[in-house]
Each structure stands twice: as C-alpha cells, then as structure tokens.
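First the structure, in the form of structure tokens, and then the observations on it.
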Amino acid sequence: MEKMSCPSTVSGRTMFCHLDAPANAISVCRDATQVVVAGRNIFKIYALEEDSFVERLNLRVGRKPSLNFSCADVMWHQMEENLLATAATNGAVVTWNLARPCRNKQEHLFTEHKRTVNKVCFHPTEVHMLLSGSQDGFMKCFDLRKKESVSTFSGQSESVRDVQFSMKDYFTFAASFENGNVQLWDIRRPDRYERMFTAHTGPVFCCDWHPEDRGWLATGGRDKMVKVWDMTTNRAKEIYCVQTIASVARVKWRPERRWHLATCSMMVDHNIYVWDVRRPFIPFATFEEHKDVTTGIVWRHQHDPYVLLSGSKDSTLYQHMFKDASRPVDRANPEGLCFGLFGDLAFAAKESLMTGEAGRKPYPAGDRRYPIFFFKKPDVTEQFAQVASALSVFESESDGSSRMDWFIKTARRYLLSGKPFAELCDHNAKVAKELNRPQVSTTWTMLRIMFSDPGNPAPPANHNMSKLGNIPLMNSFNLKEMSSALNERNKENRQDNLHNLETNLNNDENEETEGSDGQAEYLFGDAELDDDDLYSMEHENQAEEAEFSLPQEAFPLRHEIVDHPAAPEPPAEKPESPQVSGSEAESFCLTPMESFSLISVSQLLYQPQLTPSFFSPVVREMLDHYAEQGDVQMAVSVLIVLGDRIRKEIDELTQEHWYMSYIDLLQRFELWNVSNEVIKLSTCSAITCLNQASTTLHINCSNCKRPMSNKGWICDRCHQCASVCAVCHHVVKGLFVWCQGCSHGGHLEHVMEWLKSSNHCPAGCGHLCEYT
Amino acid sequence: MKEESAVEVPQPLPSGPSAFIPAQVILDEGARQEVMTDTLLSVSHADHIATIMGLHPAYLGCFLRTQNALLQPDGPLPLPWRHYIIIMASARHQCSYLVKLHSSAFQLAGGDESWLRGLHCAPPKIQRLQTLNKLLAHRPWLITQEHIQELVCPGADPRWSLAELIQAVVLMSHAHSLASFIWGCGIHPEPDSTAEQHPPSASPAERLAQPPPPQREDPNRQEWTEAVNEVQLLMEKMMLVQQQEEEFTPEEMVTRFERERTESILEPAEVVRAALPDSISRFVQDPDFIYQDFSPRGEQSPPTMRAQDYSWEDHGFSLMNRLYGEMAQLLDEKFQVVCALTYHTMAMHTHVDTSTLRKALWNYIHCIYGIRHDDYDYGEVNQLLERSLKVFVKTAACHPEKTTLRMYSSFWRQFLHSEKVHVNLLLMEARLQAALLYALRAITRYMT
C-alpha cells in the first residue's frame, strides 16, 4: 500500500522563516510539501517552496483562542493528508480536518485526559487509530470514527512522555515514562504491558522506532544519554549508547542511513546533532542555526536523508540541508594526552605526525615507550573520516625513589665548603652538568663569575663554557654568540647603558623565542612536549633537556607538593628564563643579570666597577625562583656557598624556611651526613641550634644499673669505673665502642687494633664480636 | 493518620519544640515511628525542626540529606559565606531561629565575626545578592535575566560565577521556605540560643481563649459534631472532584485561576508587630518590600508563568543538573517524596485517596506565586480548601512572620497535628520549587 516515491533529486537549500511565537513541535505531511508548526501561541501550516517557507494556513482561529490550541505536540497523519492531531497542555486531544470547508478545522475534541497530554501518535498504516500519552500516567487509543477512546492503558506510574507505534509490528507501541521506564504494549491488550525495562535514570523524554530494523528502539533521557535497544531478544538489550551534553528532548532516526539518528536537547544546548551510533564520541554532523533550544525535529521526507526540518523556542522554523551541516570531526584534534596514576604518560596523535619519529634515538635512562597502533577496520557504510592514530606510552622508571636520584646524587656530591669559592662553584657546576641539569650548572658558573674577585681571575670563562658544552647545547651556543655580539658593541661603546643592552638582548630574545617555538612544534610532532607543556616552566632549558632527562625533570613538582609548603609557582612566572618570559617587567629586571654575566664572561677585566653587591638582587630573585619551583636544594646550596655575599639580602625567615625544608628532605632520604653538614654550615641561629638539641646521652652504670649523672666513666653510687677498656683495662674517657652482642668494648683504637688480629671479644667472653 | 487513640491532648506547652503543637503529641506520634527515632539518632543534634519534621520520617530523611549537602564543605562557595547567605535570607522573613542558628554556625565555620554586625560589614559581593534575595523571598516572578546578568556578566565587579550563583539561589530559597515552615509550625527557638524570638502565639490570653485544635474529648458536643461534619463534607467534595467529568470553557478556567490568585484573603486583623529587633534588621535592606498580589492584567506585571513551559522535571532539573548536579538530584528526590507523601488517612478516616487534596494545595501555592498549570481546574481549589486553610497557607507562604496560633488552629480543626505539619511541608516545598523555577528561568534566559 505504500507507494512512496523517492524524491527525485535533492533540491532546496538551508532556509528559515520567523514564526510569531516559540514552537513546541513540528510535523510534515506525507508528500513532504507542507509542515505544521504548533506551540503555545502558534498553530500554522507552511508550504515548503523551493527557497522559502510560505504560510498556508493559520489554524488558530476564533476570538479568544482557548487552551485547546496550546499545543504540546502535533502530528500529521502519514496516510491521510488532511488529518492532523494535536496534544494540548490542558489535557485535550484534538483532531483537525483540513478538508473542512469552514475556517475552523477542528474535528474532534477528546478531553479524557486529566493532565497535560505530552504526545500524540497516529498509527503508521491504520487511518483511524490515534494514540495519546499524558502526564496523568495514562495512554489512550482513539478510534476517530467514535467520539471517545476505545481503550485506556495505565502505565501504573506518573507521566507518559512519549508514545510511538512500531513501524513494523502492527499491534505494538512503545511508551516512555518520567520514572525512567519504557513499556511495550500490544494495542489489543489494554490490561497490562507486554514488557517493561528501565532505560534511563530520570525521565525518558523521547523514543523512536527504527524505520527499517524491526525491534530497534532509540530512547533519549534527562540523563543526557541516547540509547539504542534491541527488542527482538528476550530482554531488551542496550546495543548502542551515545552520551550527549544535555538532556535529550527528541530523537529521530535518519532515513536511509541505518546507523544515524538526530537529536536535540531540552535545555542549554541549541544545536541539532546527527550521530552515528557506532561512533558515540563525536557527532557526525551538527546544525548550529538555532538561537534557543530546538523543540521539534523531523526529516522532511521518509526516504530522503538530506533534509531536516526543525522548530525552536527562538520562533524560527528551519530547513537544514545536510551539505551545509558542520562536521565536528573535521575540526577535532585526534590527539590525546593523559597522565597515569604513577606518572606514566600516554599520548595519541595522528599517525602522520608520528612517522617522523622513526629515526629517533631511543631514550637513555631506562625510559621505555610502547608505540601501540590501533587499527579500525575501515567501514564503507561509515561516512566518518578515517583517522589512524598512534598511541605512545611513556613509562617512568618503576620504583618511585629513583625519580629523586638527582636529588640524592646532587646532595652527596655538592661541595659546600672547604675550598675557595670559585672552585666550589666549578665543582658544583660540573656535578649539575653530569646530572643533566644544565640550567643549574650554568647558574653555578654565573655565580662564580659574578662573585669572583675580578683581580684574581679563575680559569677563562669561555673555556669553561665550551667545556660544559661538549654536546652542542643550544644554550651555551647562544651564550657564546651573544657574548661576542655584545663584545663588539662594548668595544664601540664602552660606557654601555642599560637601555642599549636591553635592546640588544631583546633582539636576541625575539630570535630566541622564535627558535624555541619552532622547536616546540617539532617536539610536539614528536609527542614530547608533555611536561614542558603542562607545567610550562623552565621553558628554555626544559625543551633542550627533555631529550635527555624526561623522567628526572618531569617530576620536580612532586616533592614540592609533598614536602614543600610553598605554593606551586603559577605557570606564568618564569623569572629565570628571560628569553621566553613574556612579561616586560620580568625581562627588564632579569636582563641585567644575563647581560652583565655575559659581559663578564669575556670582558671581566674591563668592568671592574661592578661590585658583587650589584648582582645581589638578581641572585636573590634567582634563589627565590628555585625555591618556589621546589628545588630548595639549589637555594640552600647557593646560600651556603655564597655565604656572607648574599646572606644579608634575604630575610632570616625565608632562609630558615629553606633550610628547614632542605634538611627535612635530606633526612627523609636518610642523607644524615649531608643534613648535618648543612646544619653546621648554616648561619641561621634557628638552624644551627638544631645540632645543639638532644645532645645528651644517658648511660647507666654497668655495675649497679643506675643512671650515671655526673661523669661518664665513674659511677657516683657504687664508685666503680663503669667503662673499662677490655684491651688496656683502663677507664675510657673518650670514644667508647662496644659490641652490642656481648656489651664488651673499649677505646676505639684499641678495639680496632684488636680486631685486626682476632674476631673474638677482647674480654675473653668467647663472643664473636661484630662491628660495622 | 494514625489509628484512633484517646490521647488526652494537653495544653500547648511553651517548653516544647513548637508553640502550636503540644510536645506530648509530638512524642506520642513520633514514638510510633521507629524510622524517625533512627533518623533522629543519626543526627547528632535533633533540633526542633527535625523533631517536628520527624512526624514524617520519609520526608525528614531527604530534607536532612539536602540540607547537609548544602552545608557540607564541597561546593563553590566557602562555608561561612553559605551560612551568611542563609542568615541574610531568613532575616527577610524575620526568622530569628535561623538567624541565630546560622550565626553561630557561621562563627564556627571560621567566618569573620565583624560581618555579623550587619549587612554593611559583609563583602560587597554578598551585598550584591540583596536584590535577588529580596525578590526571591517576596516576588520571585519579578526576577529577570537582567538581575542575573548584573551579578554574572564579566563587567560586574565583584563577579559571581554561575556555579556560585546557583548555589546561593538554592541556599536563599531553601532558607525562605524553611522560614515558612518554622513560622507555620510555630517552632520555638533552640533552648541553647537566647530566646529573642517572639513565639508566634501572641499572648497567653489568646492561647487560653483558643480551644486547642484537635480536642476530641471536647465537652462541647456541638462543636465537635460540626467539625466532624466538616471532614465528611470535605471527603465528599474530594470524591466529587475525582469523579466529575464536568465540561468547562477555557475562559472559565482562566477566570478561576485568576480568582484564586487575586483573592484577597489576607488576615483581616493584621497583627501589629513591634519594629524589627536589631538582631534581624541589620541583615535586612528595604524591609518594606513584601509580597504583593500582582494584578495579572496590569501592563508592568510579567505574564503568568506556565508550568508546562518551564517545569522542574524538564527544564529546571536539566539546568541545575548542569550547574550543580548533586543538588539537582537531591532536590528532585525531595520534591518527589513530598508530592507522593500520603498515609491514606484524613483525620479519623482511613483509606482515603488524598491526592486531589494535596494537588490542590500544591497548585494553590504555585498559583499564589503566579505559576499556572494548564491542565488543572482551579475550581477544585475553591471546593477543597476552606477559607481558613487558605488564610493559613497564604499567610505562611507569603508573610510567614504573620502566622498566628489562631490561624493554625482554626483550619482543619478535626485533623491531627501531623497532618497539619504535612500541610506545612507541602507549603514549604511548593514555595521552594516556585522560587527556584523563576530563578532558574531567568538564568536560562541569561544563558541563551
């Protein structure tokens, strides 16, 4: 009986017309030439012309339009082109016959529902059968030849939101409810439903049968999901699920496209989405024309997948052409980045971007990466752009402590005292260099240059620099370049002013920034921008370093979060890297440090007027920066090495704070000796007194077992010498060592000597003494 | 509600949690509810509100859940701010109970004590909420998107974020409606707070003059029968309403709605109250702004809000779910519970379907706030709600501070106290929903 002709060719264009009032629902007639728009204050029929909508008929007639005209839903009969039905907000179901000769086309009025009717639905093939679902929880089936309903179905719950006749099963209809349930009914059996299942949490606003696949039902709910159910099995099975961003108000399968459906949302989001249910993460197409929520969507023709009509609360009626839809997938970045719980990093990117990777050398430092390729079999029915992406997983070394290796090694190897200042600096710079921390290393070198006595030059700086730059580091390379450039200028203009320097540097700065940008891009293509990008600190050196020391440098924040009370530095502040710092003020205050250090690299002897105190503010800021970043080790080490040169510049409390943090860290890593050394070398009274605390050793007399109060070697009570050397039998007044097994012992030297010859206890107790 | 019992109802004791409901009744009726005792035990400090609400344990559970969620540390606003917003909101209804309670909670949460000296001492950001607070409390239908924009738009300084604003809105409307409940049930101040609130039962003289409501053993036989007849009559009307298939013209419907809304049934003899005590007035700006019947036909008044165009279930929930998801779920649950709450009893009758009566109450309160349900015949309100009940409901909803014991006891003389509390619960929630709907609608409009 269906003799649907496919529309010859797709004609028409995206167009719209203004309605007088917000629309609640729309419906098209069978031959797709007219559309009816219904709302609280509107009920009109428009003809769909080639390039415009033309108003055909206003069905809202009468002096004082009654609430019966206030439509929640409308449906045009798909068999009988003169027949329409509306659901009124006051609970009336009205049918309209366009063939009536008078102006008022109203035919029947059913007022059987007590509450708002949410939905009306004509039977797809039966002319006289109309179904309604209402807020009062009832569904009613009307025979249009009679004046009243022929059967009433009770959902046994509040509020029916949608009713839909099945396209394929003559007797079946589905109803969705406010409590999240969906029921299937047989039209012949009004006593109870055939099947019920819970589809959503919260109201199910809409449902739609698949036009071709028998038993596929799509439902949309307030829980922002669209689900596709397979009803052919015993239990309704959820086969697809699409997560949208707002409550789903309407859902409509796309004709001729088995996997596609269109949705619009109840609130907040105004767009219409067409989804491929197999690709639930990104809409296949989006129509973004409406300015307020879309309330009604309908495909213009049952067999034409390219034209969609929609009505909206913004009082417009649109015809959307599929060719004008926006395709979010084209704009999407198929890249993803995620940190794992244990610091692993996964990165997925387009395959094309990842191919440049092939020639790269693998990571040192035990860093492994797994390129994983997922291939989705291209499906010809799927019209999605095919994107192949590669996933790389960067795994950090497994045991957590090794991440702090650099800290421990640095702490052990740094020299803080005992040598001339310049040597200390050089030594520490070398240590940092070996641990792949070029920025720290450079800082040490600069410190040496800044504070060394100009009259007593240390080994030439340039030599030092190039020594450091065994591997051609961009950093040192640039430093040399810049210094020579400045050199020339300096020769020309001895009395250099700050401004001039600054402009010079700014030039360099620009180049530098460009350079690092390019680098960043390159790195991004290589999937390695990771930590740099996330933390955006130490930009300059970090980018350089990333190649060598991803695991070490990726987690400097870790210990700050755990141990260091200072707030994490906001990413915008990068006072230590003037080349990339965006803020004028920062570059201004920091430029001198870089520039003058550069001058002094080569021109040390020509600038004797610069006293070390000149650099103090810069150094102070540098220390602050390190401390803020969590590298309190650097701050404290520099503080100690510089000693009086800088101490007065930093207030006591900050110093104390740094010391405490560093000592706390050292002790946590059981670096007792270093910690003690730091305490000893510190000049803060609060710190040095740490060594004065709990220095008392309480001992008991070995004879009477009572505490010895006065002297360590003679008991006041029993007047016996408590600690006698087992070797020489004299009283031990200095270092006393004893075996914990047999508690015999004596002078340290005596016992040591004894143990060279024998393993047994010198007291003759026969114990095999063990000393560590 | 419960089985008929010959409890000798004592005179209202001033020491109980409520000035209207005798303490003995609460104990007796509460004792039968084991659930309630459980709930009460789980709350470390069963305050008077919880005690009274405990008469409806199913509701008390979700009320406390919501309130805890509102005042737990999670959320965009700092805890002291939240208490302060409640103080500010409850002061509009002169509810010193809440002001006291939250003043101490405010200090406990580490709030700056100087704020308590008055609104002018609070940060300007909070002060900017004043207009919204005022409108929400008394005439929510006047809230427009401009009000929201003023607070949220980027130019505003200091600016509210939408998430903060929505929490503030929930807090304020929660406090307003809770104030209605407190006045409507005549809840006494907590004993530990210095009693400054004038209990709504005006004077002892009045109390004596007033026969305590459900006097079943009343010697005055005639009055007793009269009251019994009233209940009978009401039940018959309910049956009638349920069965009627009356055809009515739409015009008639509109007229009925308007009649209900504008009916001037305010307490004729306005209780003259002393000027606001300072403890309250310092949190109130523009104290003369109060509820007012708006003329629906007037030009300046906004059109009636249609429940079908902006309902809690569809629109309100969806929006709130986006901005303050957890609260949306809790409120949704609370509304569902309160709408479904019934014991199938009415006064001395059992197995009664009270849905029409509850619906009438709910819609009447929405009607007072200008929300119209297209699918409801407002004639039912007139038939089911007697005048004295309407007086009580309208007073408690719109001018809660004017509720008196006389009003409380003069409606439904035959009903149990717990049923009257039920009325108060419906009143509180319907009012909350109405205010929220207006505020959320304005936010929606701002966002689109």
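Identifiers for the structure tokens are assigned positionally: chains receive A, B, ... in sequence, residues are indexed from 1 per chain, and ligands are indexed from 1 in the order shown.
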
Quick check: residues of chain A within 8 Å of chain B, only C-alpha atoms, returned as a ChimeraX atom specification. /A:66-68,89-91,114-116,203,222,246-247,266-268,291-292

For Val393 in chain B: contacts at 9 Å, only C-alpha atoms, fewer than 5 positions along chain excluded, given as number ranges by chain: B: 184, 361, 364-365, 388, 398, 423-424, 427

Among range 4-181 of chain B, which residues carry a DSSP assignment of helix (DSSP H, G or I), reported as a ChimeraX atom specification? /B:23-31,34-42,48-53,57-71,79-92,96-108,113-117,119-121,124-127,130-138,140-142,145-152,162-181

Which residues are near Glu148 in chain A? Cut-off 12 Å, only C-alpha atoms, ignore same chain within fewer than 5 positions. Put them as a list of chain:residue names. A:Ala92, A:Val93, A:Val94, A:His108, A:Leu109, A:Phe110, A:Thr111, A:Glu112, A:His113, A:Met129, A:Leu130, A:Leu131, A:Lys140, A:Cys141, A:Phe142, A:Asp143

Can you write out the residues you just picked, keeping all heavy atoms, as a CSV table (one decimal), in the first residue's frame?
chain,number,residue,atom,x,y,z
A,92,ALA,N,-6.4,18.2,26.5
A,92,ALA,CA,-7.3,17.8,25.4
A,92,ALA,C,-6.5,17.2,24.3
A,92,ALA,O,-5.3,17.5,24.1
A,92,ALA,CB,-8.0,19.1,24.9
A,93,VAL,N,-7.1,16.3,23.6
A,93,VAL,CA,-6.5,15.8,22.3
A,93,VAL,C,-7.5,16.2,21.2
A,93,VAL,O,-8.7,16.0,21.3
A,93,VAL,CB,-6.5,14.2,22.4
A,93,VAL,CG1,-6.0,13.7,21.0
A,93,VAL,CG2,-5.5,13.8,23.5
A,94,VAL,N,-6.9,16.9,20.2
A,94,VAL,CA,-7.8,17.5,19.2
A,94,VAL,C,-7.4,16.9,17.9
A,94,VAL,O,-6.2,16.8,17.6
A,94,VAL,CB,-7.6,19.0,19.2
A,94,VAL,CG1,-8.7,19.6,18.4
A,94,VAL,CG2,-7.6,19.6,20.6
A,108,HIS,N,-12.5,16.7,16.1
A,108,HIS,CA,-12.9,16.1,17.3
A,108,HIS,C,-12.1,16.7,18.5
A,108,HIS,O,-11.0,17.2,18.3
A,108,HIS,CB,-12.5,14.6,17.3
A,108,HIS,CG,-13.2,13.8,16.3
A,108,HIS,ND1,-14.6,13.6,16.3
A,108,HIS,CD2,-12.8,13.1,15.2
A,108,HIS,CE1,-15.0,12.9,15.3
A,108,HIS,NE2,-13.9,12.6,14.6
A,109,LEU,N,-12.7,16.6,19.6
A,109,LEU,CA,-12.1,17.1,20.8
A,109,LEU,C,-12.3,16.0,21.9
A,109,LEU,O,-13.4,15.7,22.2
A,109,LEU,CB,-12.7,18.4,21.3
A,109,LEU,CG,-12.2,19.0,22.6
A,109,LEU,CD1,-10.8,19.5,22.4
A,109,LEU,CD2,-13.1,20.1,23.1
A,110,PHE,N,-11.2,15.5,22.3
A,110,PHE,CA,-11.2,14.4,23.4
A,110,PHE,C,-10.7,15.0,24.7
A,110,PHE,O,-9.5,15.5,24.7
A,110,PHE,CB,-10.4,13.2,23.0
A,110,PHE,CG,-10.8,12.6,21.7
A,110,PHE,CD1,-10.1,12.9,20.6
A,110,PHE,CD2,-11.9,11.7,21.6
A,110,PHE,CE1,-10.4,12.3,19.3
A,110,PHE,CE2,-12.3,11.2,20.4
A,110,PHE,CZ,-11.5,11.5,19.2
A,111,THR,N,-11.5,15.1,25.7
A,111,THR,CA,-11.0,15.7,26.9
A,111,THR,C,-10.9,14.6,28.0
A,111,THR,O,-11.3,14.9,29.1
A,111,THR,CB,-11.9,16.8,27.4
A,111,THR,OG1,-13.2,16.4,27.4
A,111,THR,CG2,-11.8,18.0,26.4
A,112,GLU,N,-10.5,13.5,27.6
A,112,GLU,CA,-10.5,12.4,28.6
A,112,GLU,C,-9.3,12.4,29.5
A,112,GLU,O,-9.3,11.9,30.6
A,112,GLU,CB,-10.5,11.1,27.9
A,112,GLU,CG,-11.8,10.9,27.1
A,112,GLU,CD,-11.9,9.5,26.5
A,112,GLU,OE1,-11.3,8.6,27.0
A,112,GLU,OE2,-12.5,9.5,25.4
A,113,HIS,N,-8.2,13.0,29.1
A,113,HIS,CA,-7.0,13.1,30.0
A,113,HIS,C,-7.2,14.2,31.0
A,113,HIS,O,-7.7,15.2,30.8
A,113,HIS,CB,-5.8,13.3,29.2
A,113,HIS,CG,-5.3,12.1,28.4
A,113,HIS,ND1,-4.8,11.0,29.1
A,113,HIS,CD2,-5.2,11.9,27.1
A,113,HIS,CE1,-4.5,10.1,28.2
A,113,HIS,NE2,-4.7,10.6,26.9
A,129,MET,N,-6.7,5.3,13.7
A,129,MET,CA,-6.2,5.0,15.1
A,129,MET,C,-5.2,6.0,15.5
A,129,MET,O,-4.2,6.4,14.9
A,129,MET,CB,-5.5,3.6,15.1
A,129,MET,CG,-5.5,3.0,16.4
A,129,MET,SD,-4.6,1.5,16.4
A,129,MET,CE,-5.7,0.4,15.7
A,130,LEU,N,-5.5,6.6,16.7
A,130,LEU,CA,-4.7,7.7,17.3
A,130,LEU,C,-4.4,7.3,18.7
A,130,LEU,O,-5.3,6.8,19.5
A,130,LEU,CB,-5.5,9.0,17.2
A,130,LEU,CG,-4.8,10.2,17.9
A,130,LEU,CD1,-3.5,10.6,17.2
A,130,LEU,CD2,-5.8,11.4,18.0
A,131,LEU,N,-3.2,7.5,19.1
A,131,LEU,CA,-2.7,7.2,20.4
A,131,LEU,C,-2.2,8.4,21.1
A,131,LEU,O,-1.6,9.3,20.5
A,131,LEU,CB,-1.6,6.1,20.3
A,131,LEU,CG,-1.1,5.5,21.6
A,131,LEU,CD1,-2.2,4.6,22.2
A,131,LEU,CD2,0.1,4.6,21.3
A,140,LYS,N,-4.1,6.6,25.9
A,140,LYS,CA,-5.4,6.3,25.3
A,140,LYS,C,-5.4,6.1,23.8
A,140,LYS,O,-4.7,6.8,23.1
A,140,LYS,CB,-6.4,7.4,25.7
A,140,LYS,CG,-6.9,7.4,27.2
A,140,LYS,CD,-7.8,8.5,27.5
A,140,LYS,CE,-8.0,8.6,29.0
A,140,LYS,NZ,-8.9,7.6,29.5
A,141,CYS,N,-6.2,5.1,23.4
A,141,CYS,CA,-6.2,4.8,22.0
A,141,CYS,C,-7.6,5.3,21.5
A,141,CYS,O,-8.6,4.9,22.1
A,141,CYS,CB,-6.0,3.4,21.7
A,141,CYS,SG,-6.0,3.0,20.0
A,142,PHE,N,-7.6,6.1,20.5
A,142,PHE,CA,-8.9,6.7,20.0
A,142,PHE,C,-9.2,6.1,18.6
A,142,PHE,O,-8.3,6.0,17.8
A,142,PHE,CB,-8.8,8.2,19.9
A,142,PHE,CG,-8.5,8.9,21.2
A,142,PHE,CD1,-7.2,9.3,21.5
A,142,PHE,CD2,-9.5,9.2,22.1
A,142,PHE,CE1,-6.9,9.9,22.7
A,142,PHE,CE2,-9.2,9.8,23.3
A,142,PHE,CZ,-7.9,10.2,23.6
A,143,ASP,N,-10.4,5.8,18.4
A,143,ASP,CA,-10.8,5.5,17.1
A,143,ASP,C,-11.6,6.7,16.6
A,143,ASP,O,-12.5,7.2,17.1
A,143,ASP,CB,-11.8,4.3,17.1
A,143,ASP,CG,-12.2,3.8,15.7
A,143,ASP,OD1,-12.2,4.7,14.8
A,143,ASP,OD2,-12.4,2.6,15.5

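The interatomic distance for the pair CA of Glu656 in chain A and CA of Leu681 in chain A works out to 12.6 Å.
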
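Distance check against Ala109 in chain B using only C-alpha atoms: of B:Arg82, B:His422, B:Lys402, B:Arg282, the minimum falls on B:Arg82.
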
Please give the complete set of residues from range 267-362 of chain A that DSSP, run on the backbone, assigns to strand (DSSP E or B), formatted as a ChimeraX atom specification. /A:272-276,285-287,294-301,304-312,316-321,326,336-339,345-350

CA of Gln383 in chain B to CA of Leu240 in chain B measures 9.8 Å

Within 8 Å of range 165-177 of chain B using only C-alpha atoms, minus same-chain residues under 6 positions, as a VMD selection string: chain B and resid 70 75 to 77 82 85 to 86 89 to 90 92 to 93 98 133 136 to 137 152 320 323 to 324 397 428 to 429 431 to 432 435 to 436 439

For Gly643 in chain A, the nearest of the candidates A:Cys684, A:Ile245, A:Ala726, A:Val251, counting only C-alpha atoms: A:Cys684
